[in-house]
>>> print(open('entry-v9.csv').read())   # CSV, N, CA, C and O atoms
chain,number,residue,atom,x,y,z
A,1,MET,N,0.8,-1.2,0.0
A,1,MET,CA,0.0,0.0,0.0
A,1,MET,C,0.9,1.2,0.0
A,1,MET,O,1.9,1.3,0.7
A,2,SER,N,0.6,2.2,-0.8
A,2,SER,CA,1.4,3.4,-0.9
A,2,SER,C,0.6,4.6,-0.3
A,2,SER,O,-0.6,4.7,-0.5
A,3,ASP,N,1.4,5.5,0.3
A,3,ASP,CA,0.8,6.7,0.8
A,3,ASP,C,0.8,7.8,-0.2
A,3,ASP,O,0.3,8.9,0.1
A,4,ALA,N,1.3,7.6,-1.3
A,4,ALA,CA,1.3,8.6,-2.4
A,4,ALA,C,-0.1,9.0,-2.9
A,4,ALA,O,-0.9,8.1,-3.0
A,5,VAL,N,-0.3,10.3,-3.1
A,5,VAL,CA,-1.6,10.7,-3.5
A,5,VAL,C,-1.4,11.0,-5.0
A,5,VAL,O,-0.5,11.7,-5.5
A,6,PRO,N,-2.3,10.4,-5.9
A,6,PRO,CA,-2.2,10.6,-7.3
A,6,PRO,C,-2.4,12.1,-7.7
A,6,PRO,O,-3.2,12.8,-7.1
A,7,GLU,N,-1.6,12.6,-8.6
A,7,GLU,CA,-1.7,13.9,-9.0
A,7,GLU,C,-2.9,14.1,-10.0
A,7,GLU,O,-3.2,13.2,-10.8
A,8,PRO,N,-3.6,15.2,-10.0
A,8,PRO,CA,-4.7,15.5,-10.9
A,8,PRO,C,-4.1,15.5,-12.4
A,8,PRO,O,-3.0,15.8,-12.6
A,9,ALA,N,-4.9,15.1,-13.3
A,9,ALA,CA,-4.5,15.0,-14.7
A,9,ALA,C,-4.0,16.3,-15.3
A,9,ALA,O,-3.1,16.3,-16.0
A,10,ALA,N,-4.6,17.4,-14.8
A,10,ALA,CA,-4.2,18.7,-15.4
A,10,ALA,C,-2.7,19.0,-15.0
A,10,ALA,O,-2.0,19.6,-15.8
A,11,GLN,N,-2.3,18.6,-13.8
A,11,GLN,CA,-0.9,18.9,-13.4
A,11,GLN,C,0.0,18.0,-14.1
A,11,GLN,O,1.2,18.4,-14.4
A,12,GLU,N,-0.4,16.8,-14.4
A,12,GLU,CA,0.5,15.9,-15.1
A,12,GLU,C,0.8,16.3,-16.5
A,12,GLU,O,1.9,16.1,-17.0
A,13,SER,N,-0.2,16.9,-17.1
A,13,SER,CA,0.0,17.3,-18.5
A,13,SER,C,0.7,18.6,-18.6
A,13,SER,O,1.0,19.1,-19.7
A,14,GLY,N,1.0,19.3,-17.5
A,14,GLY,CA,1.8,20.5,-17.6
A,14,GLY,C,0.9,21.7,-17.8
A,14,GLY,O,1.3,22.8,-17.9
A,15,ALA,N,-0.4,21.5,-17.8
A,15,ALA,CA,-1.4,22.6,-17.9
A,15,ALA,C,-1.4,23.5,-16.7
A,15,ALA,O,-1.1,23.0,-15.6
A,16,ALA,N,-1.6,24.8,-16.8
A,16,ALA,CA,-1.7,25.7,-15.7
A,16,ALA,C,-2.9,25.4,-14.8
A,16,ALA,O,-3.9,24.9,-15.3
A,17,PRO,N,-2.7,25.5,-13.5
A,17,PRO,CA,-3.9,25.3,-12.6
A,17,PRO,C,-5.0,26.2,-12.9
A,17,PRO,O,-4.7,27.4,-13.4
A,18,GLU,N,-6.2,25.8,-12.7
A,18,GLU,CA,-7.3,26.6,-13.0
A,18,GLU,C,-7.4,27.7,-12.0
A,18,GLU,O,-7.2,27.5,-10.8
A,19,PRO,N,-7.8,28.9,-12.4
A,19,PRO,CA,-8.0,30.0,-11.4
A,19,PRO,C,-9.1,29.7,-10.4
A,19,PRO,O,-10.0,29.0,-10.8
A,20,GLN,N,-9.0,30.3,-9.2
A,20,GLN,CA,-10.0,30.0,-8.2
A,20,GLN,C,-11.3,30.8,-8.6
A,20,GLN,O,-11.3,31.7,-9.5
A,21,GLU,N,-12.4,30.4,-8.0
A,21,GLU,CA,-13.7,31.0,-8.3
A,21,GLU,C,-13.6,32.5,-8.1
A,21,GLU,O,-12.9,33.0,-7.2
A,22,ALA,N,-14.3,33.3,-8.9
A,22,ALA,CA,-14.3,34.7,-8.8
A,22,ALA,C,-14.9,35.2,-7.4
A,22,ALA,O,-14.5,36.2,-6.9
A,23,GLY,N,-15.8,34.4,-6.8
A,23,GLY,CA,-16.5,34.9,-5.6
A,23,GLY,C,-15.7,34.4,-4.4
A,23,GLY,O,-16.2,34.6,-3.3
A,24,TYR,N,-14.5,33.8,-4.5
A,24,TYR,CA,-13.8,33.4,-3.3
A,24,TYR,C,-13.3,34.5,-2.5
A,24,TYR,O,-12.7,35.5,-3.0
A,25,GLU,N,-13.6,34.5,-1.2
A,25,GLU,CA,-13.1,35.5,-0.2
A,25,GLU,C,-12.4,34.7,0.9
A,25,GLU,O,-13.0,33.8,1.4
A,26,PRO,N,-11.2,35.1,1.2
A,26,PRO,CA,-10.5,34.5,2.4
A,26,PRO,C,-11.3,34.8,3.7
A,26,PRO,O,-12.0,35.7,3.7
A,27,ALA,N,-11.1,33.9,4.6
A,27,ALA,CA,-11.7,34.1,5.9
A,27,ALA,C,-11.3,35.4,6.5
A,27,ALA,O,-10.1,35.8,6.4
A,28,ALA,N,-12.2,36.1,7.3
A,28,ALA,CA,-11.9,37.3,7.9
A,28,ALA,C,-10.9,37.0,9.1
A,28,ALA,O,-10.9,35.9,9.7
A,29,PRO,N,-10.1,38.0,9.5
A,29,PRO,CA,-9.2,37.8,10.6
A,29,PRO,C,-10.1,37.5,11.9
A,29,PRO,O,-11.1,38.1,12.1
A,30,ALA,N,-9.6,36.6,12.7
A,30,ALA,CA,-10.3,36.2,13.9
A,30,ALA,C,-9.2,36.0,15.0
A,30,ALA,O,-8.1,35.6,14.8
A,31,PRO,N,-9.6,36.4,16.2
A,31,PRO,CA,-8.7,36.3,17.4
A,31,PRO,C,-8.3,34.8,17.6
A,31,PRO,O,-9.2,33.9,17.4
A,32,LEU,N,-7.1,34.6,18.0
A,32,LEU,CA,-6.7,33.2,18.3
A,32,LEU,C,-7.1,32.8,19.7
A,32,LEU,O,-7.1,31.6,20.0
A,33,GLY,N,-7.3,33.7,20.5
A,33,GLY,CA,-7.7,33.4,21.9
A,33,GLY,C,-6.6,32.9,22.8
A,33,GLY,O,-6.8,32.2,23.7
A,34,VAL,N,-5.4,33.4,22.5
A,34,VAL,CA,-4.2,33.0,23.3
A,34,VAL,C,-4.2,33.9,24.5
A,34,VAL,O,-4.2,35.1,24.4
A,35,PRO,N,-4.2,33.3,25.7
A,35,PRO,CA,-4.3,34.1,26.9
A,35,PRO,C,-2.9,34.8,27.2
A,35,PRO,O,-1.9,34.3,26.8
A,36,ARG,N,-3.0,36.0,27.7
A,36,ARG,CA,-1.8,36.8,28.0
A,36,ARG,C,-1.8,37.0,29.5
A,36,ARG,O,-2.6,37.6,30.1
A,37,THR,N,-0.8,36.4,30.2
A,37,THR,CA,-0.7,36.5,31.7
A,37,THR,C,0.1,37.7,32.0
A,37,THR,O,1.2,37.9,31.5
A,38,PRO,N,-0.5,38.6,32.9
A,38,PRO,CA,0.2,39.8,33.3
A,38,PRO,C,1.6,39.4,34.0
A,38,PRO,O,1.7,38.5,34.7
A,39,THR,N,2.6,40.2,33.7
A,39,THR,CA,3.9,40.0,34.2
A,39,THR,C,4.2,40.8,35.5
A,39,THR,O,5.1,40.5,36.2
A,40,GLY,N,3.4,41.8,35.7
A,40,GLY,CA,3.6,42.7,36.9
A,40,GLY,C,4.4,43.9,36.5
A,40,GLY,O,4.5,44.9,37.3
A,41,ASN,N,5.0,43.9,35.3
A,41,ASN,CA,5.7,45.1,34.8
A,41,ASN,C,4.8,45.8,33.8
A,41,ASN,O,4.4,45.3,32.8
A,42,ALA,N,4.4,47.0,34.1
A,42,ALA,CA,3.4,47.8,33.3
A,42,ALA,C,3.9,48.0,31.9
A,42,ALA,O,3.1,47.8,31.0
A,43,GLU,N,5.1,48.2,31.7
A,43,GLU,CA,5.7,48.5,30.4
A,43,GLU,C,5.6,47.2,29.5
A,43,GLU,O,5.2,47.2,28.4
A,44,VAL,N,6.0,46.1,30.1
A,44,VAL,CA,6.0,44.8,29.4
A,44,VAL,C,4.5,44.4,29.1
A,44,VAL,O,4.2,43.9,28.0
A,45,ASP,N,3.7,44.5,30.1
A,45,ASP,CA,2.3,44.2,29.9
A,45,ASP,C,1.6,45.0,28.8
A,45,ASP,O,0.8,44.4,28.1
A,46,ALA,N,2.0,46.2,28.7
A,46,ALA,CA,1.4,47.1,27.6
A,46,ALA,C,1.9,46.6,26.3
A,46,ALA,O,1.1,46.5,25.3
A,47,ARG,N,3.1,46.1,26.2
A,47,ARG,CA,3.7,45.6,24.9
A,47,ARG,C,3.0,44.3,24.5
A,47,ARG,O,2.6,44.1,23.4
A,48,LEU,N,2.8,43.4,25.5
A,48,LEU,CA,2.1,42.2,25.3
A,48,LEU,C,0.7,42.4,24.9
A,48,LEU,O,0.1,41.6,24.0
A,49,ALA,N,0.0,43.4,25.5
A,49,ALA,CA,-1.4,43.7,25.1
A,49,ALA,C,-1.5,44.1,23.7
A,49,ALA,O,-2.5,43.9,23.0
A,50,ARG,N,-0.4,44.7,23.2
A,50,ARG,CA,-0.4,45.2,21.8
A,50,ARG,C,-0.5,44.0,20.8
A,50,ARG,O,-1.0,44.2,19.7
A,51,LEU,N,-0.1,42.8,21.2
A,51,LEU,CA,-0.2,41.7,20.4
A,51,LEU,C,-1.7,41.4,19.9
A,51,LEU,O,-1.9,40.9,18.9
A,52,ALA,N,-2.6,41.9,20.8
A,52,ALA,CA,-4.0,41.7,20.4
A,52,ALA,C,-4.4,42.4,19.2
A,52,ALA,O,-5.4,42.1,18.5
A,53,ASP,N,-3.6,43.5,18.8
A,53,ASP,CA,-3.9,44.2,17.6
A,53,ASP,C,-3.8,43.3,16.3
A,53,ASP,O,-4.5,43.5,15.3
A,54,ALA,N,-2.9,42.3,16.4
A,54,ALA,CA,-2.7,41.4,15.3
A,54,ALA,C,-4.0,40.5,15.0
A,54,ALA,O,-4.2,40.1,13.9
A,55,ASP,N,-4.8,40.4,16.1
A,55,ASP,CA,-6.0,39.5,15.9
A,55,ASP,C,-7.0,40.1,14.9
A,55,ASP,O,-7.8,39.4,14.4
A,56,HIS,N,-6.9,41.4,14.6
A,56,HIS,CA,-7.9,42.0,13.8
A,56,HIS,C,-7.3,42.4,12.4
A,56,HIS,O,-7.9,43.1,11.6
A,57,LEU,N,-6.1,42.0,12.2
A,57,LEU,CA,-5.4,42.3,10.9
A,57,LEU,C,-5.2,41.0,10.0
A,57,LEU,O,-5.2,39.9,10.5
A,58,ALA,N,-5.1,41.3,8.7
A,58,ALA,CA,-4.8,40.2,7.8
A,58,ALA,C,-3.4,39.8,8.1
A,58,ALA,O,-2.6,40.5,8.7
A,59,THR,N,-3.0,38.6,7.7
A,59,THR,CA,-1.7,38.1,8.0
A,59,THR,C,-0.5,39.0,7.6
A,59,THR,O,0.4,39.1,8.4
A,60,ASP,N,-0.6,39.7,6.5
A,60,ASP,CA,0.5,40.6,6.1
A,60,ASP,C,0.6,41.8,7.0
A,60,ASP,O,1.6,42.4,7.0
A,61,GLY,N,-0.3,42.1,7.9
A,61,GLY,CA,-0.2,43.2,8.8
A,61,GLY,C,0.4,42.7,10.2
A,61,GLY,O,0.7,43.6,11.0
A,62,HIS,N,0.5,41.4,10.4
A,62,HIS,CA,1.1,40.9,11.6
A,62,HIS,C,2.5,41.4,11.9
A,62,HIS,O,2.9,41.6,13.0
A,63,VAL,N,3.3,41.4,10.8
A,63,VAL,CA,4.7,41.7,10.9
A,63,VAL,C,5.0,43.0,11.6
A,63,VAL,O,5.8,43.1,12.5
A,64,GLU,N,4.2,44.0,11.2
A,64,GLU,CA,4.4,45.4,11.8
A,64,GLU,C,4.1,45.3,13.3
A,64,GLU,O,4.9,45.9,14.1
A,65,VAL,N,3.1,44.6,13.7
A,65,VAL,CA,2.7,44.5,15.2
A,65,VAL,C,3.8,43.8,15.9
A,65,VAL,O,4.3,44.2,16.9
A,66,TYR,N,4.3,42.6,15.3
A,66,TYR,CA,5.3,41.8,16.0
A,66,TYR,C,6.6,42.6,16.1
A,66,TYR,O,7.3,42.5,17.2
A,67,GLU,N,7.0,43.3,15.1
A,67,GLU,CA,8.2,44.1,15.1
A,67,GLU,C,8.1,45.2,16.2
A,67,GLU,O,9.1,45.4,16.9
A,68,ASP,N,7.0,45.8,16.3
A,68,ASP,CA,6.8,46.9,17.3
A,68,ASP,C,6.9,46.3,18.7
A,68,ASP,O,7.5,46.9,19.6
A,69,VAL,N,6.2,45.2,18.9
A,69,VAL,CA,6.3,44.5,20.2
A,69,VAL,C,7.7,44.1,20.6
A,69,VAL,O,8.2,44.4,21.7
A,70,HIS,N,8.4,43.5,19.6
A,70,HIS,CA,9.7,43.1,19.8
A,70,HIS,C,10.6,44.2,20.2
A,70,HIS,O,11.5,44.2,21.1
A,71,ARG,N,10.5,45.3,19.4
A,71,ARG,CA,11.3,46.5,19.7
A,71,ARG,C,11.1,47.1,21.1
A,71,ARG,O,12.0,47.4,21.8
A,72,GLY,N,9.8,47.1,21.5
A,72,GLY,CA,9.5,47.6,22.8
A,72,GLY,C,10.0,46.7,23.9
A,72,GLY,O,10.5,47.2,25.0
A,73,LEU,N,9.9,45.4,23.8
A,73,LEU,CA,10.4,44.5,24.8
A,73,LEU,C,11.9,44.6,24.8
A,73,LEU,O,12.5,44.5,25.9
A,74,ARG,N,12.6,44.7,23.7
A,74,ARG,CA,14.0,44.9,23.7
A,74,ARG,C,14.4,46.1,24.4
A,74,ARG,O,15.4,46.2,25.2
A,75,ASP,N,13.7,47.2,24.2
A,75,ASP,CA,14.0,48.5,24.8
A,75,ASP,C,13.8,48.4,26.3
A,75,ASP,O,14.6,48.9,27.1
A,76,ALA,N,12.8,47.7,26.8
A,76,ALA,CA,12.5,47.5,28.2
A,76,ALA,C,13.7,46.7,28.8
A,76,ALA,O,14.1,47.0,29.9
A,77,LEU,N,14.2,45.7,28.1
A,77,LEU,CA,15.3,44.9,28.7
A,77,LEU,C,16.6,45.7,28.7
A,77,LEU,O,17.3,45.7,29.7
A,78,THR,N,16.8,46.5,27.7
A,78,THR,CA,18.0,47.4,27.7
A,78,THR,C,17.9,48.4,28.8
A,78,THR,O,18.9,48.7,29.5
A,79,ALA,N,16.7,48.9,29.1
A,79,ALA,CA,16.5,49.9,30.2
A,79,ALA,C,16.9,49.2,31.6
A,79,ALA,O,17.4,49.9,32.5
A,80,LEU,N,16.6,47.9,31.7
A,80,LEU,CA,16.9,47.2,32.9
A,80,LEU,C,18.4,47.2,33.1
A,80,LEU,O,18.9,47.3,34.3
A,81,ASP,N,19.2,47.0,32.0
A,81,ASP,CA,20.6,47.0,32.1
A,81,ASP,C,21.2,48.4,32.5
A,81,ASP,O,22.3,48.5,33.1
A,82,ALA,N,20.5,49.5,32.1
A,82,ALA,CA,21.0,50.8,32.3
A,82,ALA,C,20.7,51.3,33.7
A,82,ALA,O,21.4,52.2,34.2
A,83,ARG,N,19.7,50.8,34.3
A,83,ARG,CA,19.3,51.3,35.7
A,83,ARG,C,20.3,50.8,36.7
A,83,ARG,O,20.7,49.6,36.7
A,84,PRO,N,20.7,51.7,37.6
A,84,PRO,CA,21.5,51.2,38.7
A,84,PRO,C,20.7,50.3,39.6
A,84,PRO,O,19.7,50.6,40.1
A,85,GLY,N,21.2,49.1,39.8
A,85,GLY,CA,20.6,48.2,40.7
A,85,GLY,C,21.2,48.1,42.0
A,85,GLY,O,22.1,48.9,42.3
A,86,PRO,N,20.7,47.3,42.9
A,86,PRO,CA,21.3,47.2,44.2
A,86,PRO,C,22.7,46.7,44.1
A,86,PRO,O,23.0,45.8,43.2
A,87,GLN,N,23.5,47.2,44.9
A,87,GLN,CA,24.9,46.8,44.9
A,87,GLN,C,25.3,45.6,45.7
A,87,GLN,O,26.4,45.3,46.0
A,88,GLY,N,24.2,44.9,46.1
A,88,GLY,CA,24.4,43.7,46.9
A,88,GLY,C,24.2,44.1,48.4
A,88,GLY,O,24.0,45.2,48.7
A,89,PRO,N,24.3,43.1,49.2
A,89,PRO,CA,24.1,43.4,50.7
A,89,PRO,C,25.2,44.2,51.2
A,89,PRO,O,26.4,44.2,50.7
A,90,PRO,N,24.9,45.0,52.2
A,90,PRO,CA,26.0,45.9,52.8
A,90,PRO,C,27.1,45.0,53.4
A,90,PRO,O,26.8,43.9,53.9
A,91,ALA,N,28.3,45.5,53.4
A,91,ALA,CA,29.4,44.8,54.0
A,91,ALA,C,29.2,44.7,55.5
A,91,ALA,O,28.7,45.7,56.1
A,92,PRO,N,29.5,43.6,56.1
A,92,PRO,CA,29.4,43.5,57.5
A,92,PRO,C,30.4,44.5,58.2
A,92,PRO,O,31.5,44.8,57.7
A,93,PRO,N,30.0,45.0,59.4
A,93,PRO,CA,31.0,45.9,60.0
A,93,PRO,C,32.2,45.1,60.4
A,93,PRO,O,32.2,43.9,60.7
A,94,SER,N,33.3,45.9,60.3
A,94,SER,CA,34.6,45.3,60.7
A,94,SER,C,34.7,45.0,62.2
A,94,SER,O,34.1,45.8,63.0
A,95,PRO,N,35.3,44.0,62.6
A,95,PRO,CA,35.4,43.7,64.0
A,95,PRO,C,36.2,44.8,64.7
A,95,PRO,O,37.1,45.4,64.1
A,96,PRO,N,35.9,45.1,65.9
A,96,PRO,CA,36.6,46.1,66.6
A,96,PRO,C,38.1,45.7,66.9
A,96,PRO,O,38.4,44.5,67.1
A,97,SER,N,38.9,46.7,66.8
A,97,SER,CA,40.4,46.4,67.0
A,97,SER,C,40.6,46.4,68.5
A,97,SER,O,40.0,47.2,69.2
A,98,PRO,N,41.5,45.6,68.9
A,98,PRO,CA,41.8,45.7,70.4
A,98,PRO,C,42.4,47.0,70.8
A,98,PRO,O,42.5,47.3,72.0
A,99,TYR,N,42.9,47.8,69.9
A,99,TYR,CA,43.6,49.0,70.2
A,99,TYR,C,42.6,50.2,70.3
A,99,TYR,O,42.9,51.3,70.6
A,100,ASP,N,41.3,49.9,69.9
A,100,ASP,CA,40.3,51.0,69.9
A,100,ASP,C,39.8,51.3,71.3
A,100,ASP,O,39.4,52.4,71.6
A,101,ARG,N,40.0,50.4,72.3
A,101,ARG,CA,39.6,50.7,73.6
A,101,ARG,C,40.8,51.1,74.5
A,101,ARG,O,41.7,50.4,74.8
A,102,ARG,N,40.7,52.3,74.9
A,102,ARG,CA,41.8,52.8,75.7
A,102,ARG,C,41.2,53.2,77.1
A,102,ARG,O,40.1,53.7,77.2
A,103,SER,N,41.8,52.9,78.1
A,103,SER,CA,41.3,53.2,79.4
A,103,SER,C,41.9,54.4,80.0
A,103,SER,O,42.9,54.9,79.7
>>> encode(input="entry-v9.csv", output="structure tokens")
Amino acid sequence: MSDAVPEPAAQESGAAPEPQEAGYEPAAPAPLGVPRTPTGNAEVDARLARLADADHLATDGHVEVYEDVHRGLRDALTALDARPGPQGPPAPPSPPSPYDRRS
């Protein structure tokens, strides 16, 4: 038994495929319903919410949204590197010197 699917006769003869019906309309854009879990960072959450804009665009419009979101997330990560962060725990106090106590 073979899994091969026989080719239509028109393609075997080298004839051009028939054009689609004139009334064919592609399906309208529809939301995918992918949940977005808040991260707790307002800037990141706003960028992720922007992904919902792609739900209402045709496929060729998704690239602009994805690039915008990617740019914003990259900028947010870069800003984290630029911010001064905690320098670590404070150094423990040095032990007292035996010469510090004078009577």
>>> residues_around(input="entry-v9.csv", residues="A:Ala46", least_positions_apart="6", cutoff="8 Å", atoms="only N, CA, C and O atoms", output="count of residues only")
3
>>> atom_distance(input="entry-v9.csv", atom1="atom N of A:Ala58", atom2="atom O of A:Tyr24")
15.1 Å
>>> atom_distance(input="entry-v9.csv", atom1="atom C of A:His70", atom2="atom N of A:Pro29")
24.1 Å
>>> residues_around(input="entry-v9.csv", residues="A:His56", least_positions_apart="6", cutoff="10 Å", atoms="only C-alpha atoms", output="PyMOL selection string")
chain A and resi 28-32+62
>>> atom_distance(input="entry-v9.csv", atom1="atom CA of A:Asp53", atom2="atom CA of A:Asp68")
11.0 Å
>>> select_by_dssp(input="entry-v9.csv", residues="stretch 10-81 of chain A", states="alpha helix (DSSP H)", output="JSON, numbers by chain")
{"A": [10, 11, 12, 42, 43, 44, 45, 46, 47, 48, 49, 50, 62, 63, 64, 65, 66, 67, 68, 69, 70, 71, 72, 73, 74, 75, 76, 77, 78, 79, 80, 81]}
>>> closest_residue(input="entry-v9.csv", among="A:Arg47, A:Arg74, A:Ala27, A:Ala82", to="A:Thr59", atoms="all atoms listed in the file")
A:Ala27
>>> closest_residue(input="entry-v9.csv", among="A:Tyr66, A:Pro95, A:Leu80, A:Thr37", to="A:Arg50", atoms="only N, CA, C and O atoms")
A:Tyr66
